[in-house]
>>> print(open('my_file.csv').read())   # CSV, C-alpha atoms
chain,number,residue,atom,x,y,z
A,1,MET,CA,14.2,12.8,70.0
A,2,SER,CA,14.7,12.5,66.2
A,3,GLU,CA,16.0,9.2,64.8
A,4,GLN,CA,19.5,9.1,63.4
A,5,HIS,CA,20.5,7.1,60.3
A,6,SER,CA,23.7,6.7,58.3
A,7,VAL,CA,24.3,5.0,54.9
A,8,ASN,CA,27.2,4.4,52.7
A,9,ILE,CA,26.5,4.2,49.0
A,10,PRO,CA,28.5,3.8,45.8
A,11,ALA,CA,29.2,7.4,44.8
A,12,HIS,CA,29.2,9.1,41.5
A,13,HIS,CA,32.3,8.3,39.4
A,14,ASN,CA,35.2,10.6,39.6
A,15,ILE,CA,34.7,13.1,36.7
A,16,TYR,CA,38.5,13.8,36.5
A,17,THR,CA,39.6,10.1,36.2
A,18,GLY,CA,36.5,8.2,35.2
A,19,THR,CA,37.0,5.7,38.0
A,20,SER,CA,34.1,4.4,40.1
A,21,ASN,CA,35.6,3.2,43.3
A,22,ARG,CA,34.2,5.9,45.6
A,23,GLU,CA,31.8,5.6,48.5
A,24,LEU,CA,29.6,8.4,49.8
A,25,ARG,CA,28.5,8.6,53.4
A,26,ILE,CA,25.2,10.2,54.1
A,27,ASP,CA,23.8,10.9,57.5
A,28,PHE,CA,20.2,11.9,58.0
A,29,SER,CA,17.7,12.4,60.8
A,30,THR,CA,13.9,11.8,60.7
A,31,PRO,CA,11.4,13.5,63.1
A,32,GLN,CA,10.5,11.7,66.3
A,33,ASN,CA,6.8,11.9,65.3
A,34,GLY,CA,7.5,10.3,61.9
A,35,VAL,CA,7.5,11.6,58.4
A,36,ASN,CA,4.2,13.1,57.1
A,37,GLU,CA,2.9,15.1,54.2
A,38,TYR,CA,4.2,18.3,55.8
A,39,THR,CA,7.7,17.0,56.4
A,40,GLY,CA,10.4,18.8,54.3
A,41,LEU,CA,14.0,18.0,53.5
A,42,LEU,CA,16.9,20.1,54.7
A,43,ILE,CA,20.5,19.5,53.7
A,44,PHE,CA,23.4,21.1,55.7
A,45,VAL,CA,26.6,21.9,53.7
A,46,PRO,CA,29.6,23.0,55.9
A,47,GLY,CA,32.5,25.0,54.6
A,48,PHE,CA,36.1,24.9,55.6
A,49,GLY,CA,36.7,23.6,59.1
A,50,GLY,CA,33.3,21.9,59.3
A,51,ASN,CA,32.3,18.3,58.4
A,52,ILE,CA,29.7,15.6,58.9
A,53,ASP,CA,31.1,14.7,62.4
A,54,SER,CA,31.2,18.3,63.7
A,55,THR,CA,29.3,18.6,66.9
A,56,VAL,CA,27.4,21.6,65.8
A,57,TYR,CA,26.2,19.9,62.6
A,58,LYS,CA,25.3,16.7,64.4
A,59,LYS,CA,23.2,18.7,66.9
A,60,MET,CA,21.5,20.7,64.1
A,61,ARG,CA,20.5,17.5,62.3
A,62,GLU,CA,19.1,16.1,65.5
A,63,VAL,CA,17.3,19.2,66.7
A,64,PHE,CA,16.0,20.7,63.5
A,65,ALA,CA,14.4,17.5,62.4
A,66,ASP,CA,12.0,17.7,65.3
A,67,LYS,CA,11.8,21.5,65.7
A,68,TYR,CA,11.0,22.2,62.1
A,69,ASN,CA,9.5,18.8,60.9
A,70,MET,CA,12.3,18.1,58.5
A,71,VAL,CA,14.4,15.2,57.3
A,72,THR,CA,17.8,16.7,57.9
A,73,ILE,CA,20.7,15.5,55.7
A,74,GLN,CA,24.4,15.8,55.4
A,75,CYS,CA,27.1,14.0,53.4
A,76,ASN,CA,30.8,13.6,53.6
A,77,TYR,CA,31.4,15.2,50.2
A,78,PHE,CA,34.4,14.7,47.9
A,79,GLY,CA,37.6,16.1,49.3
A,80,SER,CA,36.1,17.5,52.5
A,81,SER,CA,38.8,15.8,54.6
A,82,TYR,CA,41.3,18.2,53.1
A,83,MET,CA,39.3,21.2,54.2
A,84,GLN,CA,40.1,20.8,57.9
A,85,SER,CA,43.2,21.9,59.8
A,86,ALA,CA,46.6,20.2,59.2
A,87,ASN,CA,48.0,17.5,61.4
A,88,GLN,CA,51.4,17.5,59.6
A,89,PHE,CA,53.3,20.3,58.1
A,90,ARG,CA,56.9,21.3,57.1
A,91,LEU,CA,58.7,24.5,57.7
A,92,ARG,CA,58.7,27.0,54.9
A,93,ASP,CA,62.2,28.1,55.9
A,94,SER,CA,64.2,26.2,58.5
A,95,ARG,CA,66.4,29.3,59.1
A,96,ILE,CA,63.5,30.8,61.2
A,97,LEU,CA,64.2,28.2,63.9
A,98,GLN,CA,67.9,29.1,64.0
A,99,ILE,CA,66.9,32.7,64.6
A,100,ASN,CA,64.3,32.1,67.3
A,101,LEU,CA,65.5,29.0,69.1
A,102,THR,CA,68.5,28.7,71.4
A,103,ALA,CA,71.3,26.3,70.5
A,104,ASP,CA,70.1,23.9,73.3
A,105,GLU,CA,66.5,24.0,71.9
A,106,LEU,CA,67.7,23.4,68.3
A,107,ASN,CA,69.7,20.4,69.6
A,108,LYS,CA,66.6,19.0,71.3
A,109,VAL,CA,64.5,19.5,68.2
A,110,ASN,CA,67.1,17.8,66.0
A,111,LYS,CA,67.0,14.8,68.2
A,112,ASP,CA,63.2,14.7,68.6
A,113,SER,CA,61.1,16.9,66.2
A,114,SER,CA,57.9,16.0,68.0
A,115,ILE,CA,58.8,18.5,70.8
A,116,LEU,CA,59.0,21.5,68.4
A,117,LEU,CA,55.4,22.6,69.1
A,118,SER,CA,56.0,22.4,72.9
A,119,ILE,CA,59.0,24.7,72.5
A,120,LEU,CA,57.2,27.1,70.2
A,121,SER,CA,54.3,27.4,72.6
A,122,GLU,CA,56.7,29.3,75.0
A,123,LYS,CA,57.8,31.7,72.3
A,124,ASN,CA,56.0,34.6,70.8
A,125,ILE,CA,56.6,34.2,67.1
A,126,SER,CA,54.7,33.6,63.8
A,127,LEU,CA,56.0,30.5,62.0
A,128,PRO,CA,55.2,30.0,58.3
A,129,VAL,CA,54.7,26.3,57.5
A,130,ILE,CA,53.3,24.3,54.6
A,131,ALA,CA,50.6,21.6,55.2
A,132,ASN,CA,51.5,18.1,54.2
A,133,MET,CA,48.6,16.7,52.2
A,134,ASP,CA,48.2,13.5,50.4
A,135,GLU,CA,45.8,14.8,47.7
A,136,SER,CA,45.7,13.0,44.4
A,137,VAL,CA,43.4,13.2,41.4
A,138,GLU,CA,41.4,10.3,42.9
A,139,GLU,CA,40.5,12.4,46.0
A,140,PHE,CA,41.2,16.1,46.4
A,141,ASN,CA,39.5,19.2,47.5
A,142,ASP,CA,38.1,20.3,44.1
A,143,MET,CA,36.0,23.0,45.6
A,144,SER,CA,33.5,22.7,42.7
A,145,TYR,CA,31.8,20.1,40.6
A,146,MET,CA,32.5,16.8,42.4
A,147,GLN,CA,31.5,18.3,45.7
A,148,ALA,CA,28.2,19.7,44.3
A,149,ILE,CA,27.5,16.3,42.6
A,150,ASP,CA,27.8,14.6,46.0
A,151,ILE,CA,25.4,17.1,47.6
A,152,ILE,CA,22.8,16.5,44.9
A,153,THR,CA,23.3,12.7,45.2
A,154,ALA,CA,22.8,12.8,49.0
A,155,ILE,CA,19.4,14.5,48.5
A,156,GLU,CA,18.3,12.1,45.8
A,157,ILE,CA,19.3,9.0,47.8
A,158,VAL,CA,17.3,10.2,50.8
A,159,LYS,CA,14.3,10.8,48.6
A,160,ILE,CA,14.7,7.2,47.2
A,161,ILE,CA,14.9,5.8,50.8
A,162,LEU,CA,11.7,7.7,51.8
A,163,ASN,CA,9.9,6.6,48.7
A,164,ASP,CA,11.0,3.0,49.1
A,165,ASN,CA,9.6,3.0,52.7
A,166,ASN,CA,6.3,4.5,51.4
A,167,PHE,CA,6.7,7.8,53.3
A,168,ILE,CA,4.8,10.8,52.1
A,169,TYR,CA,6.7,14.0,52.5
A,170,ASN,CA,6.5,17.6,51.2
A,171,SER,CA,8.7,17.6,48.1
A,172,SER,CA,8.1,21.4,47.6
A,173,ARG,CA,9.9,22.1,50.9
A,174,LEU,CA,13.5,21.2,50.1
A,175,ILE,CA,15.9,23.6,51.8
A,176,GLY,CA,19.7,23.9,51.5
A,177,TYR,CA,21.6,25.7,54.2
A,178,GLY,CA,25.3,26.3,53.8
A,179,HIS,CA,28.1,28.4,55.4
A,180,SER,CA,30.8,30.1,53.4
A,181,HIS,CA,32.1,27.5,50.9
A,182,GLY,CA,29.2,25.2,51.8
A,183,ALA,CA,26.8,28.0,50.8
A,184,TYR,CA,28.7,28.5,47.5
A,185,LEU,CA,28.3,24.8,46.8
A,186,LEU,CA,24.6,25.1,47.1
A,187,HIS,CA,24.6,27.8,44.4
A,188,LEU,CA,26.6,25.5,42.2
A,189,SER,CA,24.3,22.6,42.9
A,190,ASN,CA,21.3,24.8,42.1
A,191,ARG,CA,22.8,25.4,38.6
A,192,LEU,CA,23.7,21.8,38.0
A,193,ALA,CA,20.2,20.7,39.1
A,194,PRO,CA,17.9,23.7,38.5
A,195,ASN,CA,14.8,23.8,40.8
A,196,LEU,CA,15.9,20.9,42.9
A,197,PHE,CA,15.8,23.3,45.9
A,198,SER,CA,12.8,25.2,47.0
A,199,PHE,CA,14.9,27.5,49.2
A,200,ILE,CA,18.7,28.1,49.6
A,201,VAL,CA,19.9,29.9,52.7
A,202,ASP,CA,23.3,31.3,51.8
A,203,ASN,CA,25.3,32.2,54.9
A,204,SER,CA,28.3,34.1,53.5
A,205,ALA,CA,29.0,32.3,50.3
A,206,TRP,CA,32.0,33.6,48.4
A,207,ILE,CA,31.6,34.8,44.8
A,208,GLU,CA,34.0,32.2,43.6
A,209,PRO,CA,36.3,29.7,45.4
A,210,VAL,CA,39.0,31.9,46.9
A,211,TYR,CA,41.2,28.9,47.9
A,212,LEU,CA,41.8,27.9,44.3
A,213,ALA,CA,44.7,30.2,45.2
A,214,ASN,CA,46.5,29.1,48.4
A,215,ARG,CA,44.7,29.1,51.8
A,216,ILE,CA,46.4,30.4,54.9
A,217,LEU,CA,45.1,29.1,58.2
A,218,TYR,CA,46.4,30.7,61.4
A,219,GLN,CA,46.6,28.4,64.4
A,220,ASN,CA,47.7,29.4,67.9
A,221,ILE,CA,50.2,27.3,69.6
A,222,GLY,CA,50.5,28.7,73.1
A,223,ASN,CA,52.1,32.1,72.7
A,224,SER,CA,53.1,31.5,69.0
A,225,THR,CA,51.1,31.3,65.8
A,226,LEU,CA,51.4,28.9,63.0
A,227,ALA,CA,50.7,30.3,59.5
A,228,ILE,CA,49.7,27.1,57.7
A,229,GLU,CA,49.7,27.3,54.0
A,230,PHE,CA,47.5,24.8,52.0
A,231,ASP,CA,48.6,24.4,48.4
A,232,TYR,CA,45.6,22.7,46.9
A,233,LEU,CA,45.8,20.4,43.9
A,234,ALA,CA,42.6,21.9,42.5
A,235,LYS,CA,44.4,25.0,41.2
A,236,LYS,CA,46.3,22.8,38.8
A,237,ILE,CA,43.3,20.7,37.7
A,238,ILE,CA,40.3,23.0,37.6
A,239,LYS,CA,40.2,24.7,34.2
A,240,ASN,CA,38.2,27.8,33.3
A,241,LYS,CA,38.0,29.0,36.9
A,242,HIS,CA,36.0,32.0,35.9
A,243,ASP,CA,33.1,29.6,35.1
A,244,LEU,CA,32.8,29.0,38.8
A,245,ASN,CA,32.0,32.7,39.5
A,246,LEU,CA,28.5,33.3,40.7
A,247,GLU,CA,27.9,35.9,38.1
A,248,THR,CA,28.8,33.5,35.4
A,249,LEU,CA,26.9,30.6,37.0
A,250,TYR,CA,23.6,32.6,37.2
A,251,LYS,CA,23.8,34.1,33.7
A,252,ASP,CA,20.6,33.4,31.9
A,253,TYR,CA,19.2,31.6,35.0
A,254,ASP,CA,15.4,31.3,35.1
A,255,GLY,CA,14.9,29.0,38.0
A,256,ASP,CA,12.3,29.5,40.8
A,257,THR,CA,14.5,28.6,43.8
A,258,GLN,CA,14.1,31.2,46.5
A,259,VAL,CA,17.6,32.4,47.5
A,260,LEU,CA,18.2,34.2,50.9
A,261,SER,CA,21.7,35.5,50.9
A,262,PHE,CA,23.2,36.7,54.2
A,263,GLN,CA,26.5,38.5,54.0
A,264,GLY,CA,28.6,40.3,56.6
A,265,ASP,CA,29.9,43.8,55.8
A,266,ASN,CA,33.4,43.0,57.2
A,267,ASP,CA,34.0,39.6,55.5
A,268,ASN,CA,37.6,39.7,54.3
A,269,LEU,CA,37.0,37.1,51.6
A,270,VAL,CA,33.9,38.6,50.0
A,271,ASN,CA,33.2,42.0,48.7
A,272,HIS,CA,29.7,42.5,50.0
A,273,VAL,CA,28.9,45.3,47.5
A,274,GLU,CA,29.8,43.0,44.6
A,275,LYS,CA,27.9,40.1,46.2
A,276,LYS,CA,24.8,42.2,46.6
A,277,ARG,CA,24.9,43.2,43.0
A,278,ILE,CA,25.2,39.6,41.8
A,279,VAL,CA,22.5,38.3,44.1
A,280,GLU,CA,20.0,40.9,43.0
A,281,THR,CA,20.3,39.6,39.5
A,282,ILE,CA,19.1,36.1,40.6
A,283,ASN,CA,15.4,35.4,40.2
A,284,ASN,CA,13.4,35.2,43.5
A,285,SER,CA,16.3,36.3,45.7
A,286,ASP,CA,16.9,38.5,48.7
A,287,PHE,CA,20.2,40.0,49.9
A,288,ILE,CA,20.5,40.6,53.7
A,289,LEU,CA,23.5,42.6,54.8
A,290,VAL,CA,24.7,41.7,58.3
A,291,LYS,CA,26.3,44.7,60.1
A,292,LYS,CA,28.0,44.9,63.5
>>> encode(input="my_file.csv", output="structure tokens")
Amino acid sequence: MSEQHSVNIPAHHNIYTGTSNRELRIDFSTPQNGVNEYTGLLIFVPGFGGNIDSTVYKKMREVFADKYNMVTIQCNYFGSSYMQSANQFRLRDSRILQINLTADELNKVNKDSSILLSILSEKNISLPVIANMDESVEEFNDMSYMQAIDIITAIEIVKIILNDNNFIYNSSRLIGYGHSHGAYLLHLSNRLAPNLFSFIVDNSAWIEPVYLANRILYQNIGNSTLAIEFDYLAKKIIKNKHDLNLETLYKDYDGDTQVLSFQGDNDNLVNHVEKKRIVETINNSDFILVKK
């Protein structure tokens, strides 16, 4: 079985504040048979709802290292903790409880708000709520440059570790795999560090970060549904949002990275026709439409 490693390093300074008090956690796996001249590097970049501790990604790091002779890498990139579900939230409009709960249920909730979800699970309603987040300019889901910088840093740190241990590996076999926003971040990383990647596998990257407007996450609670709204700080801080559009990013691009872009034809966040048009302008790229 592949060997698992984890390091914490001083991270790149915060480009929004200039402060340098961050740490970056990097987990990586090396093949059971050791690193050799054919061993490549593969970094996984999850999107919303995934993270470095997700079971599926831990399993992929462990299995792919042996199966494909790769050093598999993942990092806990800037603001990723705000890309999960919400543990705490507030009602958008408390009147909806008065409409849907009995007087006795309202009285119980007023005495102990922790029982609200239990009561709601027996109802059949959709409840709009707003996620309580403690984002600040020191740490927030920027959906852009800081996250890409952390991805690039994770790759470079693992390369340094391998070199310091006198491991010979195949530097021309450096693959990035990402899903949704994670795939988008690989594109952004590819523009910040041209030709760092040999290959990018784009699984459903959006054309630009959709959640720079608000994100709505639907979560079932028994028979009811919570419509959780995430009002991210990034939309107030990120300037020139159009610069993050893939078409803008790849304008005048002359890199050699091979891009394989997979896109579903029923993705409600991505216009696959527009995505295909943009991808086909990228050097050395293939667009693969995924149908039912």
>>> atom_distance(input="my_file.csv", atom1="CA of Thr102 (chain A)", atom2="CA of Gln219 (chain A)")
23.0 Å
>>> residues_around(input="my_file.csv", residues="Asn284 (chain A)", least_positions_apart="2", cutoff="7 Å", atoms="only C-alpha atoms", output="PyMOL selection string")
chain A and resi 256-259+282
>>> atom_distance(input="my_file.csv", atom1="CA of Leu101 (chain A)", atom2="CA of Ile228 (chain A)")
19.6 Å
>>> closest_residue(input="my_file.csv", among="A:Thr281, A:Gln263, A:Asn69, A:Ser171", to="Thr39 (chain A)", atoms="all atoms listed in the file")
A:Asn69
>>> closest_atom_pairs(input="my_file.csv", of="region 96-176 of chain A", to="region 18-31 of chain A", cutoff="9 Å", atoms="all atoms listed in the file", output="tab-separated table")
residue	atom	partner	partner_atom	distance
A:Glu138	CA	A:Thr19	CA	8.0
A:Asp150	CA	A:Leu24	CA	7.5
A:Thr153	CA	A:Leu24	CA	8.9
A:Ala154	CA	A:Ile26	CA	6.2
A:Ile157	CA	A:Ile26	CA	8.7
A:Val158	CA	A:Phe28	CA	7.9
>>> write_last_selection(input="my_file.csv", atoms="C-alpha atoms", output="PDB file, in the coordinates of the input")
ATOM      1  CA  GLU A 138      41.400  10.300  42.900  1.00  0.00           C
ATOM      2  CA  ASP A 150      27.800  14.600  46.000  1.00  0.00           C
ATOM      3  CA  THR A 153      23.300  12.700  45.200  1.00  0.00           C
ATOM      4  CA  ALA A 154      22.800  12.800  49.000  1.00  0.00           C
ATOM      5  CA  ILE A 157      19.300   9.000  47.800  1.00  0.00           C
ATOM      6  CA  VAL A 158      17.300  10.200  50.800  1.00  0.00           C
TER       7      VAL A 158
END
>>> residues_around(input="my_file.csv", residues="Val129 (chain A)", least_positions_apart="3", cutoff="10 Å", atoms="all atoms listed in the file", output="ChimeraX atom specification")
/A:88-94,126,132,216,226-230
>>> residues_near_point(input="my_file.csv", point="(19.2, 38.7, 51.3)", cutoff="7 Å", atoms="all atoms listed in the file", output="list in words")
Leu260, Ser261, Phe262, Ser285, Asp286, Phe287, Ile288 and Leu289 of chain A
>>> closest_residue(input="my_file.csv", among="A:Gly79, A:Gly178, A:Pro10, A:Gly34", to="Tyr57 (chain A)", atoms="all atoms listed in the file")
A:Gly178
>>> residues_around(input="my_file.csv", residues="Met70 (chain A)", least_positions_apart="5", cutoff="6 Å", atoms="only C-alpha atoms", output="PyMOL selection string")
chain A and resi 39-41+65
>>> closest_residue(input="my_file.csv", among="A:Tyr250, A:Tyr184, A:Phe140, A:Phe64", to="Ile207 (chain A)", atoms="all atoms listed in the file")
A:Tyr184
>>> closest_residue(input="my_file.csv", among="A:Phe199, A:Phe167, A:Tyr177, A:Tyr218", to="Glu37 (chain A)", atoms="all atoms listed in the file")
A:Phe167
>>> atom_distance(input="my_file.csv", atom1="CA of Ser224 (chain A)", atom2="CA of Ile119 (chain A)")
9.7 Å
>>> residues_around(input="my_file.csv", residues="His242 (chain A)", least_positions_apart="6", cutoff="12 Å", atoms="only C-alpha atoms", output="MDAnalysis selection string")
chainID A and resid 144 207:210 212 248:249
>>> closest_residue(input="my_file.csv", among="A:Pro194, A:Ser85, A:Leu116, A:Ser80", to="Asp254 (chain A)", atoms="all atoms listed in the file")
A:Pro194
>>> closest_residue(input="my_file.csv", among="A:Val137, A:Ile130, A:Ile168, A:Cys75", to="Asp231 (chain A)", atoms="all atoms listed in the file")
A:Ile130
>>> residues_around(input="my_file.csv", residues="Asn51 (chain A)", least_positions_apart="2", cutoff="10 Å", atoms="only C-alpha atoms", output="PDB file with C-alpha atoms, in the frame of the given file")
ATOM      1  CA  PHE A  44      23.400  21.100  55.700  1.00  0.00           C
ATOM      2  CA  VAL A  45      26.600  21.900  53.700  1.00  0.00           C
ATOM      3  CA  PRO A  46      29.600  23.000  55.900  1.00  0.00           C
ATOM      4  CA  GLY A  47      32.500  25.000  54.600  1.00  0.00           C
ATOM      5  CA  PHE A  48      36.100  24.900  55.600  1.00  0.00           C
ATOM      6  CA  GLY A  49      36.700  23.600  59.100  1.00  0.00           C
ATOM      7  CA  ASP A  53      31.100  14.700  62.400  1.00  0.00           C
ATOM      8  CA  SER A  54      31.200  18.300  63.700  1.00  0.00           C
ATOM      9  CA  THR A  55      29.300  18.600  66.900  1.00  0.00           C
ATOM     10  CA  VAL A  56      27.400  21.600  65.800  1.00  0.00           C
ATOM     11  CA  TYR A  57      26.200  19.900  62.600  1.00  0.00           C
ATOM     12  CA  LYS A  58      25.300  16.700  64.400  1.00  0.00           C
ATOM     13  CA  GLN A  74      24.400  15.800  55.400  1.00  0.00           C
ATOM     14  CA  CYS A  75      27.100  14.000  53.400  1.00  0.00           C
ATOM     15  CA  ASN A  76      30.800  13.600  53.600  1.00  0.00           C
ATOM     16  CA  TYR A  77      31.400  15.200  50.200  1.00  0.00           C
ATOM     17  CA  SER A  80      36.100  17.500  52.500  1.00  0.00           C
ATOM     18  CA  SER A  81      38.800  15.800  54.600  1.00  0.00           C
ATOM     19  CA  MET A  83      39.300  21.200  54.200  1.00  0.00           C
ATOM     20  CA  GLN A  84      40.100  20.800  57.900  1.00  0.00           C
TER      21      GLN A  84
END
>>> decode(input="my_file.csv", residues="region 69-142 of chain A", atoms="C-alpha atoms", output="compact mmCIF listing (two decimals), in the first residue's frame")
# COMPACT_ATOMS: atom_id res chain seq x y z
CA ASN A 69 2.89 5.20 -10.21
CA MET A 70 2.27 8.75 -9.05
CA VAL A 71 3.10 10.92 -6.08
CA THR A 72 -0.44 12.09 -5.32
CA ILE A 73 -0.88 15.50 -3.68
CA GLN A 74 -3.60 17.57 -2.07
CA CYS A 75 -3.61 20.76 -0.02
CA ASN A 76 -5.99 22.51 2.33
CA TYR A 77 -6.11 25.64 0.20
CA PHE A 78 -7.05 29.16 1.29
CA GLY A 79 -10.68 29.53 2.36
CA SER A 80 -11.66 25.93 1.58
CA SER A 81 -13.24 25.54 5.02
CA TYR A 82 -15.94 28.01 3.91
CA MET A 83 -16.79 25.88 0.88
CA GLN A 84 -18.52 23.13 2.84
CA SER A 85 -22.03 22.98 4.27
CA ALA A 86 -23.14 25.26 7.11
CA ASN A 87 -23.26 24.19 10.74
CA GLN A 88 -24.93 27.40 11.85
CA PHE A 89 -27.47 29.59 10.12
CA ARG A 90 -30.18 32.16 10.80
CA LEU A 91 -33.67 32.47 9.42
CA ARG A 92 -34.13 34.80 6.50
CA ASP A 93 -37.63 35.62 7.76
CA SER A 94 -38.85 34.39 11.15
CA ARG A 95 -42.46 34.81 10.03
CA ILE A 96 -42.21 31.58 8.06
CA LEU A 97 -42.07 29.69 11.36
CA GLN A 98 -45.21 31.42 12.58
CA ILE A 99 -46.95 30.24 9.42
CA ASN A 100 -45.76 26.63 9.51
CA LEU A 101 -45.41 25.79 13.22
CA THR A 102 -48.15 25.35 15.77
CA ALA A 103 -48.32 27.60 18.82
CA ASP A 104 -47.02 24.74 20.97
CA GLU A 105 -44.08 24.12 18.58
CA LEU A 106 -43.24 27.83 18.52
CA ASN A 107 -43.25 27.91 22.30
CA LYS A 108 -40.85 24.94 22.44
CA VAL A 109 -38.49 26.52 19.88
CA ASN A 110 -38.49 29.82 21.78
CA LYS A 111 -37.41 27.94 24.89
CA ASP A 112 -34.83 25.76 23.12
CA SER A 113 -33.83 26.70 19.54
CA SER A 114 -31.77 23.51 19.18
CA ILE A 115 -34.96 21.46 18.65
CA LEU A 116 -36.01 23.45 15.56
CA LEU A 117 -34.45 21.01 13.09
CA SER A 118 -36.13 18.08 14.80
CA ILE A 119 -39.51 19.77 14.47
CA LEU A 120 -38.85 20.77 10.86
CA SER A 121 -37.95 17.19 9.94
CA GLU A 122 -41.61 16.25 10.48
CA LYS A 123 -42.89 19.05 8.26
CA ASN A 124 -42.89 19.34 4.48
CA ILE A 125 -41.65 22.85 3.83
CA SER A 126 -38.74 24.72 2.26
CA LEU A 127 -37.08 27.06 4.72
CA PRO A 128 -34.79 29.87 3.47
CA VAL A 129 -31.89 30.48 5.84
CA ILE A 130 -28.58 32.38 5.73
CA ALA A 131 -25.33 30.63 6.67
CA ASN A 132 -23.42 32.15 9.57
CA MET A 133 -19.79 32.42 8.48
CA ASP A 134 -16.83 34.00 10.23
CA GLU A 135 -14.98 35.00 7.08
CA SER A 136 -12.55 37.88 7.34
CA VAL A 137 -10.02 39.35 4.95
CA GLU A 138 -7.41 37.20 6.72
CA GLU A 139 -9.17 33.99 5.68
CA PHE A 140 -12.07 33.79 3.25
CA ASN A 141 -13.23 31.84 0.23
CA ASP A 142 -11.66 34.06 -2.43
